[in-house]
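Written out below as structure tokens is the structure these notes cover.
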Amino acid sequence: MSSITPAEAAAGTGAGAGEPGEPRRPGRVSLGGLSLNLRSSGIYIAFALIIALFSVLTDGALLQPQNISNIIVQNSYVLILAIGMILIIIAGHIDLSVGSVVAVTGALAAVLMVDMGLPWPAALAVTLVAGGLVGAWQGFWIAYFGIPAFIVTLAGMLLFRALTLTVLGNQGIGPFPDAVRTLANGFTDGYLGNVGLGPLGGADLFSLLVGLLAVAGMVAAQWRTRRSRAGYGQAVDPVPLFALRMTAGAALILFLVVQLARFKNLPWVLVLLAALVLGYSLLAGRTVFGRRIYAIGGNLHAAVMSGIKVKQVVFWIFVNMGVLSAVAGVIFAGRLNQAGPTAGSSFELDAIAAAFIGGAAVQGGVGKVAGAITGGLIMAVINNGMSLIGSPSERVMLVKGAVLLAAVAFDVWTKRRAGTAR
Amino acid sequence: MTDQTTDHILRMSGITKTFPGVRALQDVTLSVRRGEIHAICGENGAGKSTLMKVLSGVHPHGDYEGEIVFDGARCEFGGIRDSERAGIVIIHQELALSPQLSIAENIFLGNERSRRGIIDWNRTNHEAAELMRRVGLRENPVTPVADIGVGKQQLVEIAKALSKRVRLLILDEPTAALNDEDSAHLLDLLRGLRQEGITCVIISHKLNEVTAVADSVTVLRDGRTIETLDMAGGHVTEDRIIAGMVGRALDNRFPPHEPSIGEEALRIEDWTVHSPTQPGRKVVDGASLTLRRGEIVGLAGLMGAGRTELAMSVFGRAYGTDISGRIFKDGRPVRIRTVRDAIEHGLAYATEDRKRYGLNLIDDIRRNVSAAGLAGLARRGWVDEREEYRVAEGYRRSMNIKAPGVSSVVGKLSGGNQQKVVLSKWILTEPDVLILDEPTRGIDVGAKYEIYTIINRLADQGRAILVISSELPELLGLCDRIYTLCEGRITGEVPRREATQERLMHLMTKGQEQPS
Ligand SMILES: Nc1ncnc2c1ncn2[C@@H]1O[C@H](COP(=O)(O)OP(=O)(O)OP(=O)(O)O)[C@@H](O)[C@H]1O
Ligand SMILES: [Mg+2]
């Protein structure tokens, strides 16, 4: 029975649907000759689909100038937290305390600025330093004492909420100085006046120029990176895919800027956020420090044996998280014009969800700042879109939970198909 | 040939398996006779492990093309469970034991001896003891696996396989991590299993073992079957197998080397290390040794003699507690308290356990190669990606790492190629003193030659090299001087021309009862 020649066997089984001449590439799809890596671009495609879905459901209200501005301003603090959180998750840790740190730093800022009447730049500086100290406190226990981050930051979540309540009692402190409110809630001035955009009406020239500059900068930087990588033989996206990505990015930025310019110019928090995203993307991707974070999350033992000062790196990413939490704390308080005892509750969950929706791996070692931001924006659009169509909050929660689960499941699935996880 | 004359328990035919960008197997055929020991040989990345993963359902039916006929029945395994039900059990290159669980618990992991969901401990330990007797493992069944050596852990894996009523046992490089004694024991065990009618497929780079134990040898090269050799009659030599593996004859196993020995580079005096887990136990006991520039020094010892512990404790106290002793670098006393200190003082240690201590498996070749020497590729904290790429690409070429490019993920490379990445990573740090712990573990003969050449070249550049190896022929062929370590103490120092296997073996076992 078993005397089958190889030729017959190969013809007889019909095991592979794929053509024998072409290695099959799991986790990739072909789109009109363009081959896309689903795992790394899936999140951006999902984001586009969700925007399209809610634009239809809301009859276009989602993309109205004022609504776009709202989405950004209302979610800026969670996005800022997500930036710090993704670094921590890449290193294989977690931070549950950020919501409480937002509250306590907001309260501190309020005490300094409102009760004590300190000039706002000084008060802001003190608050950021305090945030750093909070991070140092937690980083010490985690990195140097060896207590799991989950425990330390769970304790921190309670500790810093308790501290907030001690400082504030049961009421809020406000109002904040104008400068802080402008940062949190305000817009750039129309330095160069308006221009007419035909049927779209008048728009702020300065905002438009900033937008164009951003597009030019993005394309130039990406092109330079691509060219130099190709120059030393590293695999790069083929030109059509590169062009597609650049066009999509440019279209997104320009659309955003035009809509904002038609409304009230650029929100200051958007400017801040853009700077943070750019800075932290470079930190994660291009610096020695960033590399070390990935190395630690990828294999802690190997990182130690490579001479990486693991404790130091972990300590500093928690300090960084503390500072970013303080930034978010001031902005949140400034936007509400009052520091309240319940500020920031469940922000940690939003930030963590953003990171995981954005492609971070639970085991650490994987993730991108841009991914976390996109993850945060996906949640923001779902929140906003569903409230526009009047969904009750329990349904919003349900959908967000399902999206988080689906995103991680998709990630695990593509990984398994690619054959890395066994 | 008909079924009457040769009774094949297994036939794999037309097996083709592709990974993204890599064709690991192409139209591979493998026929294994009932009750034989069948060896599979081939260079690193030839596809040996992949073929066995196809057979055992790790790569399930539908993920590959071709046909598997086991015991007359066509098989379409959807996973390991299916193949185990058919009687095929695979023991992977990396052992899959749970270190905190006992031997008995590990043997019945996933296959617990229980009644109505409650584990029957009596039966578990009793049956475990019986299986352990069969494999010749003299230990208490309740001992945690972490507390026994690698050789014994390997036996636990085999006992585990036996508990599943195995008919075809696949061992992927079972002796790679074993010393000669443990290897010999394991091979005897395989012969015993053959008596009991269990068929074995064994993957090994140790060709002396292959010629000693195998009834047939199938040679793979670049994902294709080259030939199947019948070992009966004993006229198939190691060189014959090598010729099939590399496609040409290899005249010499060791490249010729004239050492030019210079100044002392590293001296360790009175080095004592205590076990971090067993208080009071000295793992290394008053060891002293000297390494000179341009010299290749060997460190021989049995499993558990403390070779790795000695090396890791010197390398920035990466192992052990309560360490005492002195280190002199270039004649001057130095304090090395962290791995970073060690690297800054020009030390490098390439680990024997690449998956645990050597590599970030989810990252690519480039970033693994640069992990320890990144500072040299960066300016003011910014990584010079172009330079990093150039360097990594250079190592991929010069070390002959088989991968489509340096952006390949390291976890997907074959074992031997992963080892080359570890070596590249440490050579990049430009060390004065390079400690290589089992540098050719799991590496094929051709690549071994390449690695020996690289080691010689590094020595000629004036570096001091310490090679830890369980293969005495390797130490004899490569080293200018050999220290022996026994139970944490240096028991001998033998120059190359006076060294023989017998002499080293004697020194390595000194302090133990000499078998008469
Ligand atoms: N999961 C995977 N994804 C992608 N490529 C893989 C995967 N597993 C194996 N390969 C590739 O398939 C080829 C064969 O690998 P395999 O592990 O079978 O080699 P091997 O003969 O066992 O080598 P070694 O002696 O070094 O263990 C290699 O080129 C390897 O990089
Ligand atoms: Mg292998």
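Letters for chains follow the order of the structure tokens (A, B, ...), residue numbers begin at 1 for each chain, and ligand numbers begin at 1 in the order shown.
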Legend entry - range 140-149 of chain A environment, 12 Å, only C-alpha atoms, sequence neighbours closer than 4 positions dropped, as a PyMOL selection string: chain A and resi 88-89+91-97+132-136+153-157+309-319
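Using only C-alpha atoms and all ligand atoms as the basis for the distance check, residues found within 6 Å of ligand 2 are Lys48, Ser49, Ser414 and Gly415 of chain B.
Every residue of chain B that lies within 6 Å of chain A is listed here, counting only C-alpha atoms: Ser13, Gly14, Thr18, Pro20, Gly62, Glu65, Gly66, Gly72, Val339, Arg340, Tyr357, Gly358, Leu359, Asn360, Ala372, Gly381, Trp382 and Val383 of chain B.
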Legend entry - Atom-to-atom span, CA of Pro238 in chain A and CA of Ala48 in chain A, Å: 21.8 Å
Inset, instruction - Considering only C-alpha atoms and all ligand atoms, state which residue in the set B:Asn252, B:Ser288, B:Thr16, B:Thr124 is at the smallest distance from ligand 1. - result: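 Selected residue with least distance to ligand 1: B:Thr16.
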Inset, instruction - Please check which protein, DNA or RNA residues sit within 7 Å of ligand 1, counting only C-alpha atoms and all ligand atoms, and write them as a PyMOL selection string. - result: (chain A and resi 419-420) or (chain B and resi 19-20+22-24+42-51+402-403+412-417+442-444)
File dump, residues just selected, N, CA, C and O atoms, as a compact mmCIF listing (two decimals), in the first residue's frame:
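Below is the file that was written, selection-v8.txt:
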# COMPACT_ATOMS: atom_id res chain seq x y z
N GLY A 419 3.46 32.04 11.67
CA GLY A 419 4.26 30.92 12.15
C GLY A 419 5.26 31.26 13.23
O GLY A 419 6.16 30.50 13.49
N THR A 420 5.12 32.42 13.85
CA THR A 420 6.06 32.72 14.91
C THR A 420 5.61 32.07 16.21
O THR A 420 6.40 31.44 16.89
N PHE B 19 7.92 28.99 4.10
CA PHE B 19 7.65 30.07 5.03
C PHE B 19 7.74 31.35 4.22
O PHE B 19 8.29 31.34 3.12
N PRO B 20 7.22 32.45 4.77
CA PRO B 20 7.33 33.70 4.01
C PRO B 20 8.76 33.92 3.53
O PRO B 20 9.66 34.07 4.32
N VAL B 22 10.93 31.95 2.37
CA VAL B 22 11.89 30.85 2.49
C VAL B 22 11.21 29.56 2.08
O VAL B 22 10.11 29.27 2.54
N ARG B 23 11.86 28.80 1.22
CA ARG B 23 11.36 27.45 0.97
C ARG B 23 12.22 26.50 1.79
O ARG B 23 13.38 26.24 1.46
N ALA B 24 11.65 26.03 2.90
CA ALA B 24 12.44 25.21 3.83
C ALA B 24 12.58 23.78 3.34
O ALA B 24 13.61 23.15 3.55
N GLY B 42 22.36 16.99 8.02
CA GLY B 42 22.32 18.10 7.07
C GLY B 42 22.86 19.34 7.73
O GLY B 42 22.92 19.42 8.96
N GLU B 43 23.24 20.31 6.91
CA GLU B 43 23.79 21.54 7.45
C GLU B 43 22.72 22.33 8.18
O GLU B 43 21.53 22.03 8.09
N ASN B 44 23.16 23.38 8.88
CA ASN B 44 22.20 24.25 9.55
C ASN B 44 21.27 24.84 8.52
O ASN B 44 21.70 25.35 7.49
N GLY B 45 19.99 24.77 8.84
CA GLY B 45 19.01 25.34 7.93
C GLY B 45 18.66 24.44 6.76
O GLY B 45 17.95 24.85 5.85
N ALA B 46 19.15 23.20 6.78
CA ALA B 46 18.83 22.29 5.68
C ALA B 46 17.37 21.88 5.70
O ALA B 46 16.83 21.45 4.68
N GLY B 47 16.71 22.03 6.85
CA GLY B 47 15.29 21.72 6.93
C GLY B 47 14.97 20.51 7.79
O GLY B 47 13.84 20.01 7.77
N LYS B 48 15.93 20.05 8.58
CA LYS B 48 15.72 18.85 9.38
C LYS B 48 14.60 19.05 10.40
O LYS B 48 13.66 18.25 10.47
N SER B 49 14.73 20.09 11.17
CA SER B 49 13.72 20.33 12.20
C SER B 49 12.36 20.56 11.56
O SER B 49 11.34 20.09 12.05
N THR B 50 12.35 21.29 10.46
CA THR B 50 11.09 21.57 9.80
C THR B 50 10.42 20.28 9.33
O THR B 50 9.21 20.10 9.49
N LEU B 51 11.21 19.37 8.79
CA LEU B 51 10.65 18.10 8.32
C LEU B 51 10.00 17.35 9.48
O LEU B 51 8.90 16.80 9.36
N LYS B 402 22.46 31.85 7.13
CA LYS B 402 21.49 31.56 6.07
C LYS B 402 20.17 32.23 6.38
O LYS B 402 19.39 31.77 7.20
N ALA B 403 19.92 33.36 5.74
CA ALA B 403 18.69 34.11 5.91
C ALA B 403 18.57 35.01 4.70
O ALA B 403 19.58 35.40 4.13
N LYS B 412 13.08 32.77 13.72
CA LYS B 412 12.73 31.86 12.63
C LYS B 412 13.95 31.23 11.98
O LYS B 412 13.81 30.42 11.08
N LEU B 413 15.12 31.60 12.44
CA LEU B 413 16.32 30.98 11.86
C LEU B 413 16.50 29.58 12.43
O LEU B 413 16.00 29.27 13.50
N SER B 414 17.25 28.77 11.73
CA SER B 414 17.56 27.45 12.27
C SER B 414 18.56 27.62 13.42
O SER B 414 19.22 28.65 13.54
N GLY B 415 18.63 26.59 14.26
CA GLY B 415 19.44 26.69 15.47
C GLY B 415 20.87 27.14 15.23
O GLY B 415 21.39 28.02 15.91
N GLY B 416 21.52 26.54 14.25
CA GLY B 416 22.91 26.87 13.98
C GLY B 416 23.08 28.31 13.54
O GLY B 416 24.05 28.98 13.91
N ASN B 417 22.14 28.79 12.76
CA ASN B 417 22.26 30.16 12.29
C ASN B 417 22.01 31.15 13.41
O ASN B 417 22.61 32.23 13.44
N GLY B 442 25.13 22.53 18.31
CA GLY B 442 24.07 22.52 17.30
C GLY B 442 24.52 23.06 15.96
O GLY B 442 23.68 23.48 15.16
N ILE B 443 25.83 23.06 15.71
CA ILE B 443 26.31 23.62 14.45
C ILE B 443 26.86 22.51 13.58
O ILE B 443 27.50 21.58 14.06
N ASP B 444 26.57 22.59 12.28
CA ASP B 444 26.97 21.49 11.41
C ASP B 444 28.47 21.53 11.13
O ASP B 444 29.15 22.52 11.40
Inset, instruction - May I have the residues within 10 Å of Leu208 in chain A as number ranges by chain, using only C-alpha atoms and disregarding those fewer than 6 positions away in the same chain? - result: A: 194-195, 214, 254, 256-262, 265-266
Inset, instruction - Identify which of the residues A:Gly42, A:Arg335, A:Gly375, A:Lys368 lies closest to Ala284 in chain A, counting only C-alpha atoms when measuring atom-to-atom distances. - result: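 The closest residue to Ala284 in chain A is A:Lys368.
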Legend entry - Shell around Leu101 in chain B at 9 Å using only C-alpha atoms, local window under 6 positions removed, as a PyMOL selection string: chain B and resi 142-146
Inset, instruction - Would you mind writing down, as a ChimeraX atom specification, each residue of range 378-499 of chain B that DSSP on the backbone assigns to strand (DSSP E or B)? - result: /B:378-379,382-383,409,433-437,464-468,481-486,489-495
Inset, instruction - Compile the contact shell of range 347-355 of chain B as a list in words: residues with an atom at most 6 Å away, counting only C-alpha atoms, same-chain residues fewer than 6 positions apart removed. - result: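 The residues that qualify are Pro431, Val433, Leu434, Ile435, Leu436, Asp437 and Glu438 of chain B.
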Inset, instruction - Excluding Val409 in chain B and any residue of its chain fewer than 4 positions from it, enumerate the residues within 9 Å of it, using only C-alpha atoms, and give them as a list in words. - result: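 Skipping anything fewer than 4 positions along the chain leaves Leu361, Ile362, Asp363, Asp364, Ile365 and Leu413 of chain B.
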Next, write the just-selected residues to a file, as an mmCIF file, in the first residue's frame, keeping all heavy atoms as the atom set.
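Heads up, here's the output in out_18.cif:
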data_model
loop_
_atom_site.group_PDB
_atom_site.id
_atom_site.type_symbol
_atom_site.label_atom_id
_atom_site.label_comp_id
_atom_site.auth_asym_id
_atom_site.auth_seq_id
_atom_site.Cartn_x
_atom_site.Cartn_y
_atom_site.Cartn_z
ATOM 1 N N LEU B 361 14.375 36.936 20.391
ATOM 2 C CA LEU B 361 13.891 36.105 19.290
ATOM 3 C C LEU B 361 12.863 36.800 18.413
ATOM 4 O O LEU B 361 12.679 36.431 17.259
ATOM 5 C CB LEU B 361 13.297 34.803 19.834
ATOM 6 C CG LEU B 361 14.328 33.870 20.475
ATOM 7 C CD1 LEU B 361 13.635 32.712 21.169
ATOM 8 C CD2 LEU B 361 15.290 33.348 19.430
ATOM 9 N N ILE B 362 12.148 37.794 18.956
ATOM 10 C CA ILE B 362 11.126 38.441 18.133
ATOM 11 C C ILE B 362 11.711 39.567 17.302
ATOM 12 O O ILE B 362 10.994 40.195 16.531
ATOM 13 C CB ILE B 362 9.948 38.973 18.983
ATOM 14 C CG1 ILE B 362 10.431 39.985 20.020
ATOM 15 C CG2 ILE B 362 9.228 37.836 19.666
ATOM 16 C CD1 ILE B 362 9.304 40.622 20.798
ATOM 17 N N ASP B 363 12.988 39.848 17.458
ATOM 18 C CA ASP B 363 13.565 40.946 16.693
ATOM 19 C C ASP B 363 14.431 40.403 15.544
ATOM 20 O O ASP B 363 14.664 39.211 15.447
ATOM 21 C CB ASP B 363 14.384 41.848 17.613
ATOM 22 C CG ASP B 363 14.291 43.303 17.174
ATOM 23 O OD1 ASP B 363 13.982 43.544 15.994
ATOM 24 O OD2 ASP B 363 14.539 44.195 18.008
ATOM 25 N N ASP B 364 14.903 41.305 14.688
ATOM 26 C CA ASP B 364 15.588 40.832 13.485
ATOM 27 C C ASP B 364 17.090 40.662 13.712
ATOM 28 O O ASP B 364 17.617 40.949 14.789
ATOM 29 C CB ASP B 364 15.291 41.746 12.289
ATOM 30 C CG ASP B 364 15.786 43.161 12.522
ATOM 31 O OD1 ASP B 364 16.543 43.379 13.484
ATOM 32 O OD2 ASP B 364 15.416 44.053 11.738
ATOM 33 N N ILE B 365 17.757 40.162 12.696
ATOM 34 C CA ILE B 365 19.184 39.886 12.807
ATOM 35 C C ILE B 365 19.953 41.161 13.123
ATOM 36 O O ILE B 365 20.797 41.201 14.010
ATOM 37 C CB ILE B 365 19.704 39.263 11.497
ATOM 38 C CG1 ILE B 365 19.073 37.891 11.280
ATOM 39 C CG2 ILE B 365 21.232 39.143 11.531
ATOM 40 C CD1 ILE B 365 19.522 37.217 10.002
ATOM 41 N N LEU B 413 15.123 31.597 12.435
ATOM 42 C CA LEU B 413 16.322 30.982 11.857
ATOM 43 C C LEU B 413 16.498 29.582 12.431
ATOM 44 O O LEU B 413 16.004 29.267 13.502
ATOM 45 C CB LEU B 413 17.559 31.811 12.197
ATOM 46 C CG LEU B 413 17.592 33.239 11.688
ATOM 47 C CD1 LEU B 413 18.888 33.893 12.116
ATOM 48 C CD2 LEU B 413 17.445 33.282 10.188
#
Legend entry - Length of the CA of Arg390 in chain B to CA of Gly373 in chain B vector [Å]: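 Calculated distance between CA of Arg390 in chain B and CA of Gly373 in chain B is 13.9 Å.
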Legend entry - Nearest to Arg240 in chain B, chosen from B:Val156, B:Ile268, B:Val369, B:Leu207, with only C-alpha atoms counted in the distances: B:Leu207
Inset, instruction - For range 322-332 of chain B, work out the shell of residues within 7 Å, counting only C-alpha atoms and skipping chain neighbours fewer than 4 positions away, then give it as a VMD selection string. - result: chain B and resid 264 to 274
Store the residues of this selection in a file with N, CA and C atoms, as a PDB file, in the first residue's frame.
ATOM      1  N   GLU B 264      49.926  38.644  28.827  1.00  0.00           N
ATOM      2  CA  GLU B 264      48.759  38.199  29.583  1.00  0.00           C
ATOM      3  C   GLU B 264      47.619  39.207  29.410  1.00  0.00           C
ATOM      4  N   ALA B 265      46.426  38.708  29.131  1.00  0.00           N
ATOM      5  CA  ALA B 265      45.285  39.602  28.950  1.00  0.00           C
ATOM      6  C   ALA B 265      44.366  39.571  30.161  1.00  0.00           C
ATOM      7  N   LEU B 266      44.111  38.408  30.673  1.00  0.00           N
ATOM      8  CA  LEU B 266      43.186  38.289  31.791  1.00  0.00           C
ATOM      9  C   LEU B 266      43.724  37.250  32.767  1.00  0.00           C
ATOM     10  N   ARG B 267      43.729  37.613  34.048  1.00  0.00           N
ATOM     11  CA  ARG B 267      44.116  36.640  35.048  1.00  0.00           C
ATOM     12  C   ARG B 267      43.061  36.634  36.135  1.00  0.00           C
ATOM     13  N   ILE B 268      42.649  35.455  36.490  1.00  0.00           N
ATOM     14  CA  ILE B 268      41.657  35.301  37.539  1.00  0.00           C
ATOM     15  C   ILE B 268      42.329  34.540  38.663  1.00  0.00           C
ATOM     16  N   GLU B 269      42.191  35.075  39.876  1.00  0.00           N
ATOM     17  CA  GLU B 269      42.855  34.417  40.997  1.00  0.00           C
ATOM     18  C   GLU B 269      41.863  34.103  42.097  1.00  0.00           C
ATOM     19  N   ASP B 270      41.928  32.878  42.554  1.00  0.00           N
ATOM     20  CA  ASP B 270      41.222  32.465  43.748  1.00  0.00           C
ATOM     21  C   ASP B 270      39.729  32.802  43.662  1.00  0.00           C
ATOM     22  N   TRP B 271      39.162  32.455  42.549  1.00  0.00           N
ATOM     23  CA  TRP B 271      37.775  32.850  42.268  1.00  0.00           C
ATOM     24  C   TRP B 271      36.818  31.852  42.907  1.00  0.00           C
ATOM     25  N   THR B 272      35.978  32.354  43.785  1.00  0.00           N
ATOM     26  CA  THR B 272      35.022  31.483  44.466  1.00  0.00           C
ATOM     27  C   THR B 272      33.616  32.044  44.295  1.00  0.00           C
ATOM     28  N   VAL B 273      32.688  31.184  43.942  1.00  0.00           N
ATOM     29  CA  VAL B 273      31.311  31.602  43.684  1.00  0.00           C
ATOM     30  C   VAL B 273      30.379  30.672  44.441  1.00  0.00           C
ATOM     31  N   HIS B 274      29.391  31.261  45.094  1.00  0.00           N
ATOM     32  CA  HIS B 274      28.407  30.449  45.804  1.00  0.00           C
ATOM     33  C   HIS B 274      27.116  30.366  45.017  1.00  0.00           C
TER      34      HIS B 274
END
Inset, instruction - Mind listing the helix (DSSP H, G or I) residues of range 159-203 of chain A, per DSSP on the backbone, as a PyMOL selection string? - result: chain A and resi 159-168+178-185+198-200
